[in-house]
Amino acid sequence: MKHLIIANWKMNPVSLEDAVKLAKEEDMRDVVIAPPIFHLSNVRKSVKRSALCAQDIDPVDALNGPYTGAVSPLLLKKSGVRYTIIGHSERREHLGETDEVIAKKVKAALGAGIIPVLCVGETNEVRAGGYMNARDHVLRQVERDLELIRGGVGKIIIAYEPVWAISTNNNGGVIDDAESAGEMIQSIKAFLSESMKLWAQYKIIGLYGGSVGINNVGTFLKERSIDGFLIGGASLRSKEFKKIVEVIHS
Ligand code: PGA
């Protein structure tokens, strides 16, 4: 099976020159690049194989509506963007993004023909209550965040990213074990296909994210429910990133 790999560059690189260089180095099949929005159009011009992903959108559905400063889904679509990350835990935590806002963003993305990459995941405190507690929390997030698109059709990507496993690998910190990550993604898929057929018409792709690197990608690849990866830190280290992609393709 083909895996989807999304490179989440977050707020890096700062310089346009570095962004274009990184984009050229990571321009590979099945790789989607999510650069800072300021670099989007130059990254688009620099790649031949990779698709483009925004790191966020605003929940507006009018191309020319009076929404000063908004990142318009339609403008992104017209700029060649195919995917957008929505509801990343960093936005939930630091920018106060709620499930209600996230649900509107998911609807706006699909309305503009952009595939949402909805991020869900539990914090350390929630996980301390056990795996089942974490699972309930994650499924509740999924339910709330997809609330406004019940009964529709299309493609949705759900990235399961346990908050406690994000950006830890590089410091030798905790990472999720592949089996429980696989189980969580399987539970999300089962929930969406079973929940009274509300979302059963959507094609669901399940990604794992949280300190994926060359040392652990192999174990996650063994999990059949995992259809790909959302990679932050390692996507800024192009040599390691290329090796990760090679392992995934092999
Ligand atoms: P990480 O980031 O790979 O550095 O943990 C993943 C993410 O935040 O999407």
# chains A, B, ... in the order shown; residues from 1 in each chain; ligands from 1

call {"tool": "residues_around", "arguments": {"residues": "range 223-232 of chain A", "least_positions_apart": "6", "cutoff": "6 Å", "atoms": "only C-alpha atoms", "output": "ChimeraX atom specification"}}
result
/A:3-9,182,186,206-209

call {"tool": "closest_atom_pairs", "arguments": {"of": "chain A", "to": "ligand 1", "cutoff": "10 Å", "atoms": "only C-alpha atoms and all ligand atoms", "output": "CSV"}}
result
residue,atom,partner,partner_atom_place_in_ligand_line,distance
A:Ile6,CA,ligand 1,9 (O),8.6
A:Ala7,CA,ligand 1,9 (O),8.1
A:Asn8,CA,ligand 1,9 (O),5.7
A:Trp9,CA,ligand 1,9 (O),8.4
A:Lys10,CA,ligand 1,8 (O),7.8
A:Gln55,CA,ligand 1,9 (O),9.6
A:Ile85,CA,ligand 1,9 (O),8.9
A:His88,CA,ligand 1,9 (O),7.1
A:Ser89,CA,ligand 1,8 (O),7.6
A:Glu90,CA,ligand 1,8 (O),7.5
A:Cys119,CA,ligand 1,9 (O),8.2
A:Ala159,CA,ligand 1,9 (O),8.4
A:Tyr160,CA,ligand 1,9 (O),9.4
A:Glu161,CA,ligand 1,9 (O),7.1
A:Pro162,CA,ligand 1,5 (O),9.2
A:Val163,CA,ligand 1,8 (O),8.3
A:Trp164,CA,ligand 1,5 (O),9.1
A:Ala165,CA,ligand 1,5 (O),6.4
A:Ile166,CA,ligand 1,5 (O),3.5
A:Ser167,CA,ligand 1,5 (O),3.5
A:Thr168,CA,ligand 1,5 (O),6.3
A:Asn169,CA,ligand 1,5 (O),7.1
A:Asn170,CA,ligand 1,4 (O),8.1
A:Ile175,CA,ligand 1,5 (O),8.8
A:Tyr208,CA,ligand 1,6 (C),8.9
A:Gly209,CA,ligand 1,6 (C),5.1
A:Gly210,CA,ligand 1,5 (O),3.7
A:Ser211,CA,ligand 1,5 (O),3.5
A:Val212,CA,ligand 1,3 (O),5.2
A:Gly213,CA,ligand 1,3 (O),7.4
A:Phe229,CA,ligand 1,6 (C),8.8
A:Leu230,CA,ligand 1,9 (O),5.3
A:Ile231,CA,ligand 1,3 (O),4.1
A:Gly232,CA,ligand 1,2 (O),3.4
A:Gly233,CA,ligand 1,4 (O),3.6
A:Ala234,CA,ligand 1,3 (O),6.1
A:Ser235,CA,ligand 1,3 (O),7.6
A:Leu236,CA,ligand 1,4 (O),9.1

call {"tool": "write_last_selection", "arguments": {"atoms": "N, CA and C atoms", "output": "mmCIF file, in the first residue's frame"}}
result
data_model
loop_
_atom_site.group_PDB
_atom_site.id
_atom_site.type_symbol
_atom_site.label_atom_id
_atom_site.label_comp_id
_atom_site.auth_asym_id
_atom_site.auth_seq_id
_atom_site.Cartn_x
_atom_site.Cartn_y
_atom_site.Cartn_z
ATOM 1 N N ILE A 6 3.406 13.621 5.068
ATOM 2 C CA ILE A 6 3.249 15.077 5.075
ATOM 3 C C ILE A 6 4.361 15.703 5.906
ATOM 4 N N ALA A 7 5.099 16.609 5.276
ATOM 5 C CA ALA A 7 6.199 17.307 5.946
ATOM 6 C C ALA A 7 5.656 18.602 6.529
ATOM 7 N N ASN A 8 5.524 18.637 7.855
ATOM 8 C CA ASN A 8 4.993 19.828 8.531
ATOM 9 C C ASN A 8 6.168 20.688 9.002
ATOM 10 N N TRP A 9 6.467 21.706 8.219
ATOM 11 C CA TRP A 9 7.638 22.550 8.524
ATOM 12 C C TRP A 9 7.354 23.555 9.642
ATOM 13 N N LYS A 10 6.112 23.660 10.062
ATOM 14 C CA LYS A 10 5.728 24.645 11.085
ATOM 15 C C LYS A 10 6.221 26.053 10.689
ATOM 16 N N GLN A 55 -0.879 24.944 6.494
ATOM 17 C CA GLN A 55 -0.799 24.497 7.895
ATOM 18 C C GLN A 55 -2.065 24.855 8.678
ATOM 19 N N ILE A 85 -3.743 21.245 7.000
ATOM 20 C CA ILE A 85 -3.779 20.761 8.380
ATOM 21 C C ILE A 85 -4.844 21.585 9.110
ATOM 22 N N HIS A 88 -4.316 21.355 14.686
ATOM 23 C CA HIS A 88 -3.068 20.856 15.279
ATOM 24 C C HIS A 88 -3.059 21.177 16.773
ATOM 25 N N SER A 89 -2.503 20.292 17.573
ATOM 26 C CA SER A 89 -2.555 20.490 19.037
ATOM 27 C C SER A 89 -1.858 21.774 19.472
ATOM 28 N N GLU A 90 -0.875 22.218 18.672
ATOM 29 C CA GLU A 90 -0.202 23.476 19.039
ATOM 30 C C GLU A 90 -1.160 24.655 18.909
ATOM 31 N N CYS A 119 -6.074 17.023 12.873
ATOM 32 C CA CYS A 119 -5.195 16.473 13.908
ATOM 33 C C CYS A 119 -5.964 16.274 15.211
ATOM 34 N N ALA A 159 -5.054 12.756 11.361
ATOM 35 C CA ALA A 159 -3.708 12.500 11.876
ATOM 36 C C ALA A 159 -3.802 12.340 13.383
ATOM 37 N N TYR A 160 -3.526 11.135 13.848
ATOM 38 C CA TYR A 160 -3.503 10.910 15.294
ATOM 39 C C TYR A 160 -2.127 11.305 15.807
ATOM 40 N N GLU A 161 -2.104 12.347 16.636
ATOM 41 C CA GLU A 161 -0.841 12.833 17.183
ATOM 42 C C GLU A 161 -0.971 12.983 18.696
ATOM 43 N N PRO A 162 -0.536 11.975 19.450
ATOM 44 C CA PRO A 162 -0.588 12.142 20.906
ATOM 45 C C PRO A 162 0.266 13.345 21.298
ATOM 46 N N VAL A 163 -0.321 14.275 22.026
ATOM 47 C CA VAL A 163 0.364 15.543 22.300
ATOM 48 C C VAL A 163 1.701 15.304 23.011
ATOM 49 N N TRP A 164 1.719 14.311 23.887
ATOM 50 C CA TRP A 164 2.917 14.025 24.683
ATOM 51 C C TRP A 164 4.042 13.396 23.844
ATOM 52 N N ALA A 165 3.745 13.049 22.611
ATOM 53 C CA ALA A 165 4.784 12.422 21.775
ATOM 54 C C ALA A 165 5.295 13.367 20.686
ATOM 55 N N ILE A 166 4.749 14.591 20.644
ATOM 56 C CA ILE A 166 5.170 15.528 19.595
ATOM 57 C C ILE A 166 6.491 16.200 19.972
ATOM 58 N N SER A 167 7.377 16.250 19.005
ATOM 59 C CA SER A 167 8.672 16.947 19.172
ATOM 60 C C SER A 167 9.497 16.456 20.361
ATOM 61 N N THR A 168 9.460 15.182 20.634
ATOM 62 C CA THR A 168 10.237 14.669 21.774
ATOM 63 C C THR A 168 11.426 13.823 21.332
ATOM 64 N N ASN A 169 11.318 13.246 20.156
ATOM 65 C CA ASN A 169 12.306 12.248 19.739
ATOM 66 C C ASN A 169 13.724 12.789 19.681
ATOM 67 N N ASN A 170 13.787 14.027 19.216
ATOM 68 C CA ASN A 170 15.114 14.606 19.031
ATOM 69 C C ASN A 170 15.841 14.810 20.364
ATOM 70 N N ILE A 175 8.187 8.444 22.983
ATOM 71 C CA ILE A 175 7.426 8.337 21.746
ATOM 72 C C ILE A 175 6.336 7.294 21.980
ATOM 73 N N TYR A 208 -0.170 8.789 11.345
ATOM 74 C CA TYR A 208 0.377 8.911 12.689
ATOM 75 C C TYR A 208 1.390 10.053 12.689
ATOM 76 N N GLY A 209 1.410 10.829 13.755
ATOM 77 C CA GLY A 209 2.415 11.880 13.906
ATOM 78 C C GLY A 209 2.833 11.976 15.353
ATOM 79 N N GLY A 210 4.075 12.321 15.570
ATOM 80 C CA GLY A 210 4.610 12.450 16.932
ATOM 81 C C GLY A 210 6.013 11.880 16.960
ATOM 82 N N SER A 211 6.985 12.746 16.614
ATOM 83 C CA SER A 211 8.400 12.365 16.668
ATOM 84 C C SER A 211 8.745 11.161 15.788
ATOM 85 N N VAL A 212 8.121 11.108 14.626
ATOM 86 C CA VAL A 212 8.501 10.059 13.677
ATOM 87 C C VAL A 212 9.878 10.407 13.124
ATOM 88 N N GLY A 213 10.774 9.440 13.148
ATOM 89 C CA GLY A 213 12.132 9.659 12.651
ATOM 90 C C GLY A 213 12.671 8.377 12.045
ATOM 91 N N PHE A 229 2.208 9.323 7.460
ATOM 92 C CA PHE A 229 2.806 10.022 8.605
ATOM 93 C C PHE A 229 2.748 11.535 8.429
ATOM 94 N N LEU A 230 2.584 12.206 9.573
ATOM 95 C CA LEU A 230 2.723 13.667 9.618
ATOM 96 C C LEU A 230 4.024 13.917 10.384
ATOM 97 N N ILE A 231 4.996 14.477 9.679
ATOM 98 C CA ILE A 231 6.347 14.554 10.253
ATOM 99 C C ILE A 231 6.772 16.002 10.435
ATOM 100 N N GLY A 232 7.093 16.370 11.670
ATOM 101 C CA GLY A 232 7.515 17.731 11.962
ATOM 102 C C GLY A 232 9.026 17.853 11.923
ATOM 103 N N GLY A 233 9.647 17.725 13.087
ATOM 104 C CA GLY A 233 11.087 17.961 13.233
ATOM 105 C C GLY A 233 11.948 17.304 12.167
ATOM 106 N N ALA A 234 11.715 16.019 11.913
ATOM 107 C CA ALA A 234 12.573 15.302 10.962
ATOM 108 C C ALA A 234 12.410 15.823 9.532
ATOM 109 N N SER A 235 11.307 16.516 9.252
ATOM 110 C CA SER A 235 11.130 17.029 7.888
ATOM 111 C C SER A 235 11.991 18.271 7.636
ATOM 112 N N LEU A 236 12.591 18.793 8.692
ATOM 113 C CA LEU A 236 13.515 19.923 8.508
ATOM 114 C C LEU A 236 14.947 19.444 8.324
#

call {"tool": "residues_around", "arguments": {"residues": "range 68-74 of chain A", "least_positions_apart": "4", "cutoff": "7 Å", "atoms": "only C-alpha atoms", "output": "compact mmCIF listing (two decimals) with all heavy atoms, in the first residue's frame"}}
result
# COMPACT_ATOMS: atom_id res chain seq x y z
N ILE A 57 -6.27 26.95 7.90
CA ILE A 57 -7.11 27.85 7.08
C ILE A 57 -8.04 28.58 8.04
O ILE A 57 -8.15 28.20 9.19
CB ILE A 57 -7.98 27.10 6.06
CG1 ILE A 57 -8.81 26.02 6.78
CG2 ILE A 57 -7.19 26.56 4.92
CD1 ILE A 57 -10.00 25.58 5.98
N ASP A 58 -8.73 29.57 7.55
CA ASP A 58 -9.75 30.21 8.36
C ASP A 58 -11.12 29.70 7.92
O ASP A 58 -11.31 29.34 6.75
CB ASP A 58 -9.66 31.74 8.24
CG ASP A 58 -8.53 32.27 9.10
OD1 ASP A 58 -8.47 31.88 10.28
OD2 ASP A 58 -7.70 33.04 8.60
N VAL A 60 -13.83 30.57 6.63
CA VAL A 60 -14.65 31.45 5.81
C VAL A 60 -14.93 30.75 4.49
O VAL A 60 -14.08 30.03 3.98
CB VAL A 60 -13.95 32.81 5.54
CG1 VAL A 60 -13.78 33.57 6.84
CG2 VAL A 60 -12.61 32.63 4.87
N LEU A 63 -14.97 33.74 -1.28
CA LEU A 63 -13.69 34.17 -1.84
C LEU A 63 -13.47 35.66 -1.59
O LEU A 63 -12.38 36.10 -1.28
CB LEU A 63 -13.67 33.87 -3.34
CG LEU A 63 -12.42 34.21 -4.09
CD1 LEU A 63 -11.21 33.49 -3.49
CD2 LEU A 63 -12.56 33.86 -5.56
N LYS A 78 -6.98 27.90 -5.16
CA LYS A 78 -6.55 28.50 -6.44
C LYS A 78 -5.04 28.66 -6.52
O LYS A 78 -4.49 28.81 -7.60
CB LYS A 78 -7.24 29.86 -6.64
CG LYS A 78 -8.69 29.71 -7.05
CD LYS A 78 -9.34 31.05 -7.32
CE LYS A 78 -10.80 30.88 -7.69
NZ LYS A 78 -11.01 30.26 -8.99
N ALA A 108 -15.25 24.32 5.86
CA ALA A 108 -14.79 25.31 4.88
C ALA A 108 -13.77 24.69 3.91
O ALA A 108 -13.79 24.96 2.71
CB ALA A 108 -14.17 26.51 5.59
N ALA A 109 -12.89 23.85 4.43
CA ALA A 109 -11.88 23.22 3.57
C ALA A 109 -12.56 22.35 2.52
O ALA A 109 -12.31 22.49 1.32
CB ALA A 109 -10.91 22.38 4.41
N ALA A 112 -14.24 24.13 -0.22
CA ALA A 112 -13.37 24.73 -1.23
C ALA A 112 -12.63 23.66 -2.04
O ALA A 112 -11.81 23.99 -2.89
CB ALA A 112 -12.36 25.65 -0.55

call {"tool": "atom_distance", "arguments": {"atom1": "CA of Glu125 in chain A", "atom2": "CA of Ile185 in chain A"}}
result
19.9 Å

call {"tool": "closest_residue", "arguments": {"among": "A:Lys155, A:Lys77, A:Arg135, A:His94", "to": "Gln201 in chain A", "atoms": "only C-alpha atoms"}}
result
A:Lys155

call {"tool": "residues_around", "arguments": {"residues": "Val142 in chain A", "least_positions_apart": "3", "cutoff": "12 Å", "atoms": "only C-alpha atoms", "output": "PyMOL selection string"}}
result
chain A and resi 86-87+99-100+102-103+106+117-122+135-139+145-150+156-160+184-185+187-192+195+199+204

call {"tool": "write_last_selection", "arguments": {"atoms": "C-alpha atoms", "output": "JSON list (two decimals), in the first residue's frame"}}
result
[["chain", "number", "residue", "atom", "x", "y", "z"],
["A", 86, "ILE", "CA", -6.60, 21.64, 10.78],
["A", 87, "GLY", "CA", -6.74, 21.51, 14.58],
["A", 99, "ASP", "CA", -13.59, 22.01, 18.51],
["A", 100, "GLU", "CA", -16.34, 24.38, 17.34],
["A", 102, "ILE", "CA", -12.13, 23.38, 14.04],
["A", 103, "ALA", "CA", -15.44, 21.92, 12.85],
["A", 106, "VAL", "CA", -13.14, 21.29, 8.25],
["A", 117, "VAL", "CA", -5.84, 16.81, 7.60],
["A", 118, "LEU", "CA", -7.57, 16.86, 10.97],
["A", 119, "CYS", "CA", -5.20, 16.47, 13.91],
["A", 120, "VAL", "CA", -6.45, 14.80, 17.06],
["A", 121, "GLY", "CA", -4.68, 13.43, 20.10],
["A", 122, "GLU", "CA", -4.69, 13.33, 23.86],
["A", 135, "ARG", "CA", -9.40, 6.60, 23.16],
["A", 136, "ASP", "CA", -12.66, 8.08, 24.42],
["A", 137, "HIS", "CA", -11.10, 11.54, 24.37],
["A", 138, "VAL", "CA", -9.81, 11.15, 20.81],
["A", 139, "LEU", "CA", -13.11, 9.78, 19.50],
["A", 145, "ASP", "CA", -14.57, 18.22, 14.77],
["A", 146, "LEU", "CA", -16.50, 16.43, 12.02],
["A", 147, "GLU", "CA", -19.88, 17.50, 13.38],
["A", 148, "LEU", "CA", -20.67, 19.89, 10.52],
["A", 149, "ILE", "CA", -19.90, 17.51, 7.68],
["A", 150, "ARG", "CA", -22.10, 14.58, 8.62],
["A", 156, "ILE", "CA", -10.71, 13.15, 5.04],
["A", 157, "ILE", "CA", -7.31, 12.59, 6.55],
["A", 158, "ILE", "CA", -7.13, 12.12, 10.30],
["A", 159, "ALA", "CA", -3.71, 12.50, 11.88],
["A", 160, "TYR", "CA", -3.50, 10.91, 15.29],
["A", 184, "MET", "CA", -6.00, 4.17, 18.04],
["A", 185, "ILE", "CA", -6.10, 4.83, 14.30],
["A", 187, "SER", "CA", -10.54, 2.75, 16.45],
["A", 188, "ILE", "CA", -11.00, 6.11, 14.71],
["A", 189, "LYS", "CA", -11.69, 4.40, 11.39],
["A", 190, "ALA", "CA", -14.10, 1.94, 12.98],
["A", 191, "PHE", "CA", -15.91, 4.75, 14.80],
["A", 192, "LEU", "CA", -16.37, 6.72, 11.59],
["A", 195, "SER", "CA", -21.38, 5.68, 13.85],
["A", 199, "TRP", "CA", -19.60, 9.62, 8.03],
["A", 204, "ILE", "CA", -10.73, 8.04, 5.68]]

call {"tool": "select_by_dssp", "arguments": {"residues": "range 105-149 of chain A", "states": "strand (DSSP E or B)", "output": "VMD selection string"}}
result
chain A and resid 115 to 120

call {"tool": "atom_distance", "arguments": {"atom1": "CA of Glu25 in chain A", "atom2": "CA of Ile115 in chain A"}}
result
24.4 Å

call {"tool": "closest_residue", "arguments": {"among": "A:Val32, A:Val126, A:Leu40, A:Val217", "to": "Tyr83 in chain A", "atoms": "only C-alpha atoms"}}
result
A:Val32

call {"tool": "closest_residue", "arguments": {"among": "A:Arg29, A:Tyr202, A:Leu221, A:Ala51", "to": "Leu110 in chain A", "atoms": "only C-alpha atoms"}}
result
A:Tyr202

call {"tool": "residues_around", "arguments": {"residues": "Pro35 in chain A", "least_positions_apart": "4", "cutoff": "10 Å", "atoms": "only C-alpha atoms", "output": "VMD selection string"}}
result
chain A and resid 7 to 13 19 to 20 22 to 23 39 to 44 52 to 55

call {"tool": "closest_residue", "arguments": {"among": "A:Glu97, A:Asp56, A:Asp30, A:Asp61", "to": "Thr84 in chain A", "atoms": "only C-alpha atoms"}}
result
A:Asp56

call {"tool": "select_by_dssp", "arguments": {"residues": "range 53-186 of chain A", "states": "helix (DSSP H, G or I)", "output": "ChimeraX atom specification"}}
result
/A:73-78,89-94,99-111,124-128,131-145,147-149,163-165,169-171,178-186

call {"tool": "write_last_selection", "arguments": {"atoms": "C-alpha atoms", "output": "tab-separated table (two decimals), in the first residue's frame"}}
result
chain	number	residue	atom	x	y	z
A	73	PRO	CA	-9.72	28.23	1.59
A	74	LEU	CA	-10.71	29.21	-1.94
A	75	LEU	CA	-7.60	31.33	-2.45
A	76	LEU	CA	-5.46	28.47	-1.17
A	77	LYS	CA	-7.19	26.10	-3.56
A	78	LYS	CA	-6.55	28.50	-6.44
A	89	SER	CA	-2.56	20.49	19.04
A	90	GLU	CA	-0.20	23.48	19.04
A	91	ARG	CA	-3.05	25.67	17.79
A	92	ARG	CA	-5.49	24.11	20.24
A	93	GLU	CA	-3.09	24.72	23.12
A	94	HIS	CA	-1.42	28.03	22.31
A	99	ASP	CA	-13.59	22.01	18.51
A	100	GLU	CA	-16.34	24.38	17.34
A	101	VAL	CA	-13.88	26.48	15.33
A	102	ILE	CA	-12.13	23.38	14.04
A	103	ALA	CA	-15.44	21.92	12.85
A	104	LYS	CA	-16.08	25.10	10.84
A	105	LYS	CA	-12.61	24.91	9.32
A	106	VAL	CA	-13.14	21.29	8.25
A	107	LYS	CA	-16.39	22.29	6.56
A	108	ALA	CA	-14.79	25.31	4.88
A	109	ALA	CA	-11.88	23.22	3.57
A	110	LEU	CA	-14.10	20.57	2.04
A	111	GLY	CA	-16.35	23.28	0.62
A	124	ASN	CA	-0.28	13.56	28.91
A	125	GLU	CA	-2.87	14.11	31.65
A	126	VAL	CA	-5.57	12.35	29.67
A	127	ARG	CA	-3.26	9.47	28.78
A	128	ALA	CA	-2.33	9.08	32.44
A	131	TYR	CA	-5.44	3.97	26.98
A	132	MET	CA	-9.24	3.62	27.03
A	133	ASN	CA	-9.56	7.08	28.54
A	134	ALA	CA	-7.35	8.44	25.77
A	135	ARG	CA	-9.40	6.60	23.16
A	136	ASP	CA	-12.66	8.08	24.42
A	137	HIS	CA	-11.10	11.54	24.37
A	138	VAL	CA	-9.81	11.15	20.81
A	139	LEU	CA	-13.11	9.78	19.50
A	140	ARG	CA	-14.95	12.69	21.13
A	141	GLN	CA	-12.60	15.10	19.36
A	142	VAL	CA	-13.23	13.36	16.04
A	143	GLU	CA	-16.98	13.47	16.56
A	144	ARG	CA	-17.02	17.18	17.46
A	145	ASP	CA	-14.57	18.22	14.77
A	147	GLU	CA	-19.88	17.50	13.38
A	148	LEU	CA	-20.67	19.89	10.52
A	149	ILE	CA	-19.90	17.51	7.68
A	163	VAL	CA	0.36	15.54	22.30
A	164	TRP	CA	2.92	14.02	24.68
A	165	ALA	CA	4.78	12.42	21.78
A	169	ASN	CA	12.31	12.25	19.74
A	170	ASN	CA	15.11	14.61	19.03
A	171	ASN	CA	15.68	15.05	22.76
A	178	ALA	CA	3.52	1.65	17.30
A	179	GLU	CA	0.99	-0.94	18.36
A	180	SER	CA	-1.10	1.42	20.46
A	181	ALA	CA	-0.87	4.13	17.77
A	182	GLY	CA	-2.10	1.58	15.22
A	183	GLU	CA	-4.91	0.56	17.54
A	184	MET	CA	-6.00	4.17	18.04
A	185	ILE	CA	-6.10	4.83	14.30
A	186	GLN	CA	-8.05	1.62	13.77

call {"tool": "residues_around", "arguments": {"residues": "Val247 in chain A", "least_positions_apart": "4", "cutoff": "10 Å", "atoms": "only C-alpha atoms", "output": "list in words"}}
result
Ile214, Val217, Gly218, Leu221, Phe241, Lys242 and Lys243 of chain A

call {"tool": "atom_distance", "arguments": {"atom1": "CA of Glu246 in chain A", "atom2": "CA of Asp177 in chain A"}}
result
21.5 Å
